[in-house]
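Read through the structure below, which is laid out as structure tokens, and then see the notes.
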Amino acid sequence: MYKTTTLATALALAMAMHAQAHARTTSTPAVAVASLQGSHADTGSINGVVTDAGRGGYLAGAEVRISGLDVVAVTGSDGRFALHRVPAGRHELRVSYVGRPDRTHVVDVVAGQASNARIDVSAARDATDLDAVVVRAQPIAESEYAALQAQRASTSLVNVVAADSIGRFPDQNVAAALSRLPGIAVERDQGQERYVNLRGAPARWTTIAFDGVNVISPAGRTARLDTIPSSIASQVVARKAITAAMPSETLAGNIDIITRSPFDYEGLKVGADVGIGYNDLGGGRQYNWGGFLSSKFADDRFGVLVSASKYSRDMVTDNFESDPEVAAEDQEPGGDERVWFDAHQNKLYRLTRENESVSGRLEFRPSDDHHFFLSSIHTEFSDHELRNAIEFDFDANAVRTSDTRPQAVAQRTGYADVRTGNTPWQGTVYGVEMDSTQNINDSVQSIFTTTLGGDQNLGDWRARWRLNYTEAEQKSGPSFNSTWVSPSERTLRPTVDYDFSNRSLHRVTLYDTIRNPDGSFSKGNLKRSLDSHDYNFVSVVTNSGKAVTDSYSTRLDLFRETELFGRPTELQFGVQYDDRTKENNQTRYAITAAQLTAMGIAHPAMADFASDKPYQGALPLGYSFRYHDEDRARALLDGLRSQGAGGFDDGVVMDNWYNVQERIGAVYGMATSHFDWGNVVAGVRGEYTRNQSSANAEDDSGYRRITVRESGVDFFPSVHVNWDLNDEMKLRFSANTGAARPDYTDLRPNFSISDDEQEIDGGNPYAETEKSMGLDAYFEWYMRPQGFFSAGVYYKKLRDVLFDVELPRFGNDDLDVPGFDRSQYTYFTLANGGDGHIRGLELAYSQGFSPLADRLDLPLWVGDFGVTANVTFNDSEATTPDGRKVSLPGASDLIYNTSLYYEAHGLSARLSWQYRTEWIDGIGDGDVMGDAYWDDVGRLDFSMRYAFNDNVEMYLDANNLLNEPGIRYQGNRQRTTEYERFGKRFMIGVRMNF
């Protein structure tokens with residue numbers, strides 16, 4: 001559960017500040033550069049705050065410009081901005097914010113002094129008396145405007161998801177929220193959004209950060225975003241083109257979770273959310289609760305914010321899986337082109353999944369020039385899983401069709417035998433072996449991150465510093481894993497009619513097996529259920545594992561305003577050091593049938609821990625079965641252990657232990673030059689990386705510890721051009737470079753060596769970093785008063801893409817021993833391939849219909865509707881180490897999202913549709929089987945809210961309304977290898993905000 005240190009920090013008032021890249025400043029005011037006119041003594045400064053005149057609070061991301069000068073500032077989350085080195089005299093400030101009319105404000109600047117400005121921006125277009133403005137809550141529109149304004153104000157290419165006016169996101173976790181953005185697709189696990197594919201890139205190329213500080217996911221470099229509930233964020237920023245100020249380990253992009261600050265609010269602020277619902281498949285419950293408390297005190301010099309949330313869901317799944325192969329048993333003409341299914345199984349899950357978070361923030365602002373903060377966040381994702389897996393092993397006991405021996409003819413099962421009339425899609429197999437596992441698995445993924453930092457104005461210089469510690473932990477177990485197999489006597493196994501012609505339902509029908517007088521087999525009576533006597537005990541195992549990544553990060557950024565080539569410029573320099581260590585440990589305690597027999601202990605039976613709970617799924621299995629009961633299963637295991645049965649498997653400990661250390665030192669320089677038409681951001685980052693990987697290698701003589709060290713230096717230049725065509729239109733161009741280092745599990749030297757086969761299997765500590773050079777060109781049109789359109793093209797040139805491969809030779813003598821030159825052994829590992837590319841086109845559009853209704857004189861209710869839509873066309877390719885050209889795993893050729901919404905009279909409703917085409921899940925060997933794919937998938941969601949006032953609203957959320965399945969196939973769509981449904985979900989609740 002929550003770490004004591006996290007609770008202590010939260011209750012003691014901790015939490016983070018918005019530390020994004022300088023393009024979008026946070027609680028520290030954004031700073032722009034004024035053209036100098038006269039000596040330094042002829043200038044002053046402007047400190048200000050921009051507020052929401054209608055609803056109260058601050059406007060974050062608003063652009064503040066000085067008319068007639070190349071000066072622009074962007075407000076932080078607290079609405080504050082600062083303009084330095086402004087010429088003395090009277091100036092007009094113009095404030096712009098998407099969805100609101102521009103606001104002007106006159107300020108007198110005195111040389112050597114700081115002038116103050118408070119600017120109220122109204123949502124009404126023609127309001128002259130702000131006190132008379134009546135503002136109706138529009139949570140969808142307000143969230144859209146906040147996101148677009150953050151995007152517009154950024155000096156690099158980003159997309160943003162923002163919380164609405166009461167701090168609520170449209171989705172439960174960060175992955176689901178991001179799936180609404182252009183160019184982003186998600187990979188789901190049992191229906192729940194988990195990984196992000198950003199512009200056609202594999203999930204491992206996307207990094208995550210909290211308030212600008214990169215963190216490692218519990219699973220490693222592949223960021224699991226279902227670990228992070230969206231309730232902790234005020235914004236989630238997808239950075240698609242990085243600057244030199246960002247770590248280079250971002251090949252595809254970076255997901256920055258911006259958390260709340262107490263200075264986001266004017267005073268005491270309290271929010272709460274309580275919801276309850278159910279899943280229609282299996283009738284499982286779901287519930288959600290969360291809230292935050294924020295306050296400022298001591299003349300607003302101190303601020304405190306604490307928050308917590310929890311989401312829980314009980315669910316079941318409908319599942320079947322079938323395993324294809326080119327069968328060696330099929331020796332008939334055309335057999336090398338036929339693909340059979342050698343096994344079919346149902347994995348029937350009962351799951352409880354939970355997201356929890358707790359956070360706290362303490363901030364101290366002794367003056368406008370100094371800001372200090374302490375932040376702490378703990379997020380946790382837990383998965384409690386009961387799984388009944390029932391597998392029909394069709395190729396067990398099968399013989400080659402070319403075998404004409406009398407005993408072989410008599411023992412024919414029918415598997416992969418076209419002579420019996422069987423085909424890969426339909427047929428009969430006699431005396432099928434059944435395997436079953438009845439498991440209880442627990443896993444917990446957690447992130448604990450704490451940051452101490454500050455922002456200081458030091459005359460001509462500004463400084464930003466961060467000290468961060470992050471622990472990412474992945475725990476599993478103690479599990480209960482039991483294995484069972486049908487008796488060896490074929491007549492005690494079922495005969496199976498299979499029908500795999502319907503890709504959405506692979507059917508099996510079971511019969512008793514009859515042995516004929518000539519020794520052959522035939523079908524008997526229909527077998528309607530699988531019972532305890534159909535299986536013999538094989539083993540029961542309990543596993544426990546823990547992988548911990550400890551990360552320490554230190555960072556210092558320095559800023560100075562000057563002129564460069566006659567243009568006002570902000571220079572930025574920085575250093576960063578990251579020290580990360582990941583260690584993995586696993587244990588296994590196993591009890592086998594042979595051990596029990598030797599000890600004279602009776603073998604357990606499935607009936608010993610069976611449950612009377614009825615089948616909860618909707619898939620027509622073709623047979624009935626009994627679930628297992630968790631308490632009785634664990635009692636069975638404990639009882640056997642108490643009798644002295646079983647023991648620890650030392651090989652598991654040795655095989656799974658590894659320790660990987662990573663040290664990264666970085667320096668960078670960057671300049672942002674301002675022009676009357678926009679700005680240019682250019683810089684370069686240099687990084688020195690040193691890895692040390694340790695694991696245990698196994699050969700015929702046992703285990704020995706292997707340690708491999710690698711190091712290198714890389715440079716990453718980038719340039720971004722932001723061209724304001726006018727007040728509404730913007731062009732963006734960027735050229736950038738990035739990298740993706742191999743994951744920690746890939747770097748471990750856990751070699752398994754076979755001298756007989758002359759093969760080595762394991763990780764690859766010698767793997768090179770994957771690299772990219774990217775080009776982007778985007779047009780953005782922030783249409784007044786309520787519209788947005790963008791079109792962009794992107795291209796990434798890839799080098800050294802990693803693939804799971806078979807290499808013809810190991811290539812070095814690290815593993816050589818007397819008598820064995822292992823450098824020439826075949827090596828099964830992850831290795832770098834050749835070059836590749838990702839390229840595509842993004843289109844995005846959003847429009848409230850109110851201006852359209854006014855222009856076309858349509859009924860007023862038409863103006864209460866709006867639409868958002870985006871589409872991405874993508875193409876990718878990479879060269880494998882053996883020279884084949886393949887698409888990148890995780891890349892769909894087409895992704896689109898669209899939603900229609902309605903907002904009026906306190907009612908908000910939105911209907912959303914998401915879709916992505918198929919994508920490669922695994923690279924094949926180039927044979928008739930082909931590559932493995934996840935099929936195209938769509939999701940239809942609906943949400944509705946009614947606001948009684950600005951403080952209380954009720955809501956209804958409905959997800960996956962069409963009950964779309966997840967389908968995996970091999971080579972072609974007809975060859976389904978996995979099919980799973982998860983059901984529709986509904987939740988109703990209330991939110992309060994005071």
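Here, A, B, ... name the chains of the structure tokens in the order displayed, residue numbers run from 1 inside each chain, and ligands are numbered from 1 in the same displayed order.
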
Which residues, written as a PyMOL selection string, have at least one atom at most 12 Å from region 588-593 of chain A, with only C-alpha atoms counted and residues fewer than 3 positions away on the same chain left out? chain A and resi 476-485+536-545+585+596-605+636-656

Pick out each residue of region 51-231 of chain A that DSSP on the backbone tags as strand (DSSP E); I need them as a ChimeraX atom specification. /A:51-52,63-66,72-74,80-87,89-97,100-109,114-121,158-162,184-189,192-198,206-210,213-215

As a PyMOL selection string, please: the residues near Leu556 (chain A) (cut-off 8 Å, only C-alpha atoms, same-chain neighbours under 2 positions excluded). chain A and resi 463-466+554+558+574-576

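Put simply, CA of Tyr615 (chain A) is 29.0 Å away from CA of Phe942 (chain A).
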
Would you write out, as JSON lines, a table of all residues in region 55-105 of chain A that have an atom no more than 12 Å from an atom of region 709-732 of chain A, listing for each the closest atom pair and the distance in Å to one decimal, considering only C-alpha atoms and ordering rows by chain and rising residue number?
```
{"residue": "A:Glu63", "atom": "CA", "partner": "A:Asp727", "partner_atom": "CA", "distance": 11.2}
{"residue": "A:Arg65", "atom": "CA", "partner": "A:Asp727", "partner_atom": "CA", "distance": 11.6}
{"residue": "A:Arg94", "atom": "CA", "partner": "A:Asp727", "partner_atom": "CA", "distance": 11.5}
{"residue": "A:Val95", "atom": "CA", "partner": "A:Asp727", "partner_atom": "CA", "distance": 11.5}
{"residue": "A:Ser96", "atom": "CA", "partner": "A:Asp727", "partner_atom": "CA", "distance": 9.0}
{"residue": "A:Tyr97", "atom": "CA", "partner": "A:Glu728", "partner_atom": "CA", "distance": 10.8}
{"residue": "A:Val98", "atom": "CA", "partner": "A:Glu728", "partner_atom": "CA", "distance": 9.5}
{"residue": "A:Gly99", "atom": "CA", "partner": "A:Glu728", "partner_atom": "CA", "distance": 11.4}
{"residue": "A:Pro101", "atom": "CA", "partner": "A:Asp727", "partner_atom": "CA", "distance": 11.7}
{"residue": "A:Asp102", "atom": "CA", "partner": "A:Asp727", "partner_atom": "CA", "distance": 10.2}
```

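CA of Pro881 (chain A) is positioned 14.0 Å from CA of Leu798 (chain A).
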
Any idea what's packed within 6 Å of Leu888 (chain A), counting only C-alpha atoms, ignoring anything in its chain fewer than 2 positions away? Could you give it as a ChimeraX atom specification? /A:876-877,891

So what do you get for CA of Thr495 (chain A) versus CA of Gly431 (chain A), distance-wise?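 Going from CA of Thr495 (chain A) over to CA of Gly431 (chain A) covers 4.9 Å.
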
Which residue, A:Asp280, A:Asp42, A:Asp882, A:Glu918, has the smallest gap to Gln616 (chain A) when you use only C-alpha atoms?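 Closest to Gln616 (chain A), using only C-alpha atoms: A:Asp280.
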
All residues 8 Å or closer to Asp936 (chain A), only C-alpha atoms, same chain fewer than 6 positions away omitted, as an MDAnalysis selection string: chainID A and resid 915:919

Filtering to N, CA and C atoms, could you give me those residues as a short mmCIF file (atom, residue, chain, number, x, y, z; two decimals), in the first residue's frame?
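again27.cif written:
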```
data_model
loop_
_atom_site.label_atom_id
_atom_site.label_comp_id
_atom_site.auth_asym_id
_atom_site.auth_seq_id
_atom_site.Cartn_x
_atom_site.Cartn_y
_atom_site.Cartn_z
N TYR A 915 -11.04 4.83 -33.08
CA TYR A 915 -10.78 3.71 -33.99
C TYR A 915 -9.31 3.70 -34.38
N ARG A 916 -8.74 2.51 -34.47
CA ARG A 916 -7.41 2.33 -35.06
C ARG A 916 -7.41 1.04 -35.86
N THR A 917 -6.68 1.05 -36.99
CA THR A 917 -6.55 -0.15 -37.80
C THR A 917 -5.58 -1.12 -37.14
N GLU A 918 -5.44 -2.31 -37.76
CA GLU A 918 -4.61 -3.35 -37.19
C GLU A 918 -3.16 -2.89 -37.05
N TRP A 919 -2.43 -3.56 -36.14
CA TRP A 919 -1.01 -3.25 -35.96
C TRP A 919 -0.26 -4.52 -35.58
#
```

Tell me, as a PyMOL selection string, which residues lie within 10 Å of region 303-307 of chain A, counting only C-alpha atoms; anything in the same chain fewer than 5 positions away does not count. chain A and resi 7+9-16+231-232+260-265+267-272+290-298+357-365+373+375-377

Ranking A:Asp755, A:Asp393, A:Asp931, A:Asp323 by minimum distance to Asp700 (chain A) and counting only C-alpha atoms, which one comes first? A:Asp755

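Between Gly220 (chain A) and the candidates A:Tyr287, A:Phe500, A:Tyr744, A:Trp425, the tightest atom-to-atom separation, counting only C-alpha atoms, involves A:Tyr744.
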
Shell around Pro749 (chain A) at 12 Å using only C-alpha atoms, local window under 2 positions removed, as JSON, numbers by chain: {"A": [655, 656, 657, 658, 659, 660, 692, 693, 694, 695, 696, 697, 698, 704, 705, 706, 707, 708, 709, 744, 745, 746, 747, 751, 752, 753, 760, 761, 762, 763, 764, 765, 766, 767, 814, 815, 829, 830]}

In region 518-652 of chain A, what's helix (DSSP H, G or I) per DSSP? Answer as a compact mmCIF listing (two decimals) with N, CA, C and O atoms, in the first residue's frame?
```txt
# COMPACT_ATOMS: atom_id res chain seq x y z
N SER A 532 -13.67 -32.99 -11.92
CA SER A 532 -12.41 -33.22 -11.23
C SER A 532 -11.74 -34.51 -11.69
O SER A 532 -10.52 -34.58 -11.83
N HIS A 533 -12.53 -35.56 -11.99
CA HIS A 533 -11.94 -36.84 -12.38
C HIS A 533 -11.35 -36.81 -13.80
O HIS A 533 -10.70 -37.77 -14.22
N ASP A 534 -11.57 -35.72 -14.53
CA ASP A 534 -10.99 -35.61 -15.88
C ASP A 534 -9.53 -35.19 -15.84
O ASP A 534 -8.90 -35.11 -16.90
N ALA A 593 3.72 -33.80 -8.19
CA ALA A 593 3.06 -35.08 -7.94
C ALA A 593 4.08 -36.13 -7.52
O ALA A 593 3.82 -36.95 -6.62
N ALA A 594 5.27 -36.14 -8.14
CA ALA A 594 6.28 -37.13 -7.79
C ALA A 594 6.73 -36.97 -6.34
O ALA A 594 6.95 -37.98 -5.63
N GLN A 595 6.86 -35.72 -5.87
CA GLN A 595 7.26 -35.49 -4.48
C GLN A 595 6.20 -36.03 -3.52
O GLN A 595 6.53 -36.66 -2.50
N LEU A 596 4.92 -35.78 -3.80
CA LEU A 596 3.85 -36.26 -2.92
C LEU A 596 3.82 -37.78 -2.88
O LEU A 596 3.62 -38.39 -1.82
N THR A 597 4.00 -38.39 -4.07
CA THR A 597 4.00 -39.86 -4.11
C THR A 597 5.14 -40.42 -3.26
O THR A 597 4.96 -41.38 -2.50
N ALA A 598 6.32 -39.83 -3.38
CA ALA A 598 7.47 -40.31 -2.61
C ALA A 598 7.26 -40.15 -1.11
O ALA A 598 7.78 -40.95 -0.32
N MET A 599 6.48 -39.13 -0.70
CA MET A 599 6.24 -38.89 0.72
C MET A 599 5.00 -39.61 1.23
O MET A 599 4.69 -39.54 2.42
N MET A 606 -9.04 -31.37 -8.05
CA MET A 606 -9.63 -30.06 -8.31
C MET A 606 -10.83 -29.81 -7.40
O MET A 606 -11.09 -28.67 -6.99
N ALA A 607 -11.55 -30.86 -7.09
CA ALA A 607 -12.74 -30.71 -6.25
C ALA A 607 -12.39 -30.20 -4.85
O ALA A 607 -13.24 -29.65 -4.16
N ASP A 608 -11.12 -30.38 -4.44
CA ASP A 608 -10.71 -29.95 -3.10
C ASP A 608 -10.82 -28.44 -2.92
O ASP A 608 -10.92 -27.96 -1.79
N PHE A 609 -10.74 -27.67 -4.01
CA PHE A 609 -10.83 -26.22 -3.86
C PHE A 609 -11.76 -25.60 -4.91
O PHE A 609 -11.62 -24.46 -5.31
N GLU A 630 -10.65 -19.06 -3.92
CA GLU A 630 -9.34 -18.56 -3.51
C GLU A 630 -8.93 -19.04 -2.12
O GLU A 630 -7.81 -19.52 -1.92
N ASP A 631 -9.81 -18.92 -1.15
CA ASP A 631 -9.45 -19.30 0.21
C ASP A 631 -9.12 -20.78 0.31
O ASP A 631 -8.15 -21.19 0.96
N ARG A 632 -9.92 -21.61 -0.35
CA ARG A 632 -9.68 -23.06 -0.29
C ARG A 632 -8.40 -23.44 -1.04
O ARG A 632 -7.67 -24.36 -0.63
N ALA A 633 -8.09 -22.72 -2.12
CA ALA A 633 -6.86 -23.00 -2.86
C ALA A 633 -5.63 -22.70 -2.01
O ALA A 633 -4.70 -23.50 -1.92
N ARG A 634 -5.62 -21.54 -1.37
CA ARG A 634 -4.46 -21.18 -0.54
C ARG A 634 -4.37 -22.10 0.68
O ARG A 634 -3.26 -22.43 1.14
N ALA A 635 -5.51 -22.53 1.20
CA ALA A 635 -5.49 -23.47 2.33
C ALA A 635 -4.90 -24.81 1.90
O ALA A 635 -4.16 -25.46 2.67
N LEU A 636 -5.19 -25.23 0.67
CA LEU A 636 -4.61 -26.47 0.14
C LEU A 636 -3.10 -26.36 0.08
O LEU A 636 -2.37 -27.27 0.52
N LEU A 637 -2.61 -25.26 -0.46
CA LEU A 637 -1.16 -25.07 -0.56
C LEU A 637 -0.52 -25.04 0.82
O LEU A 637 0.51 -25.68 1.05
N ASP A 638 -1.11 -24.29 1.73
CA ASP A 638 -0.56 -24.21 3.08
C ASP A 638 -0.54 -25.58 3.75
O ASP A 638 0.41 -25.92 4.49
N GLY A 639 -1.59 -26.36 3.52
CA GLY A 639 -1.65 -27.69 4.13
C GLY A 639 -0.56 -28.61 3.62
O GLY A 639 0.07 -29.35 4.39
N LEU A 640 -0.28 -28.58 2.34
CA LEU A 640 0.78 -29.41 1.78
C LEU A 640 2.15 -28.96 2.29
O LEU A 640 3.01 -29.79 2.60
N ARG A 641 2.36 -27.64 2.37
CA ARG A 641 3.64 -27.15 2.88
C ARG A 641 3.85 -27.52 4.34
O ARG A 641 4.97 -27.83 4.76
N SER A 642 2.75 -27.50 5.10
CA SER A 642 2.87 -27.84 6.52
C SER A 642 3.27 -29.30 6.72
O SER A 642 3.81 -29.68 7.78
N ASP A 650 15.98 -23.22 -6.58
CA ASP A 650 17.12 -22.30 -6.62
C ASP A 650 17.41 -21.81 -8.04
O ASP A 650 17.93 -20.71 -8.23
N GLY A 651 17.07 -22.63 -9.03
CA GLY A 651 17.31 -22.22 -10.40
C GLY A 651 16.52 -20.99 -10.80
O GLY A 651 17.00 -20.14 -11.56
N VAL A 652 15.31 -20.86 -10.28
CA VAL A 652 14.48 -19.69 -10.57
C VAL A 652 15.13 -18.43 -10.01
O VAL A 652 15.14 -17.38 -10.66
```

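Residue nearest Ala117 (chain A), chosen from A:Tyr955, A:Thr51, A:Phe820, A:Ala146 and counting only C-alpha atoms: A:Thr51.
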
Return the single residue from A:Asn346, A:Ser67, A:Thr562, A:Ser912 that is closest to Gln438 (chain A), with distances computed using only C-alpha atoms.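 The answer is A:Asn346, which sits nearest to Gln438 (chain A).
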
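Closest approach to Gly61 (chain A) from the set A:Asn516, A:Thr75, A:Gln456, A:Ser504 is made by A:Thr75, with distances taken over only C-alpha atoms.
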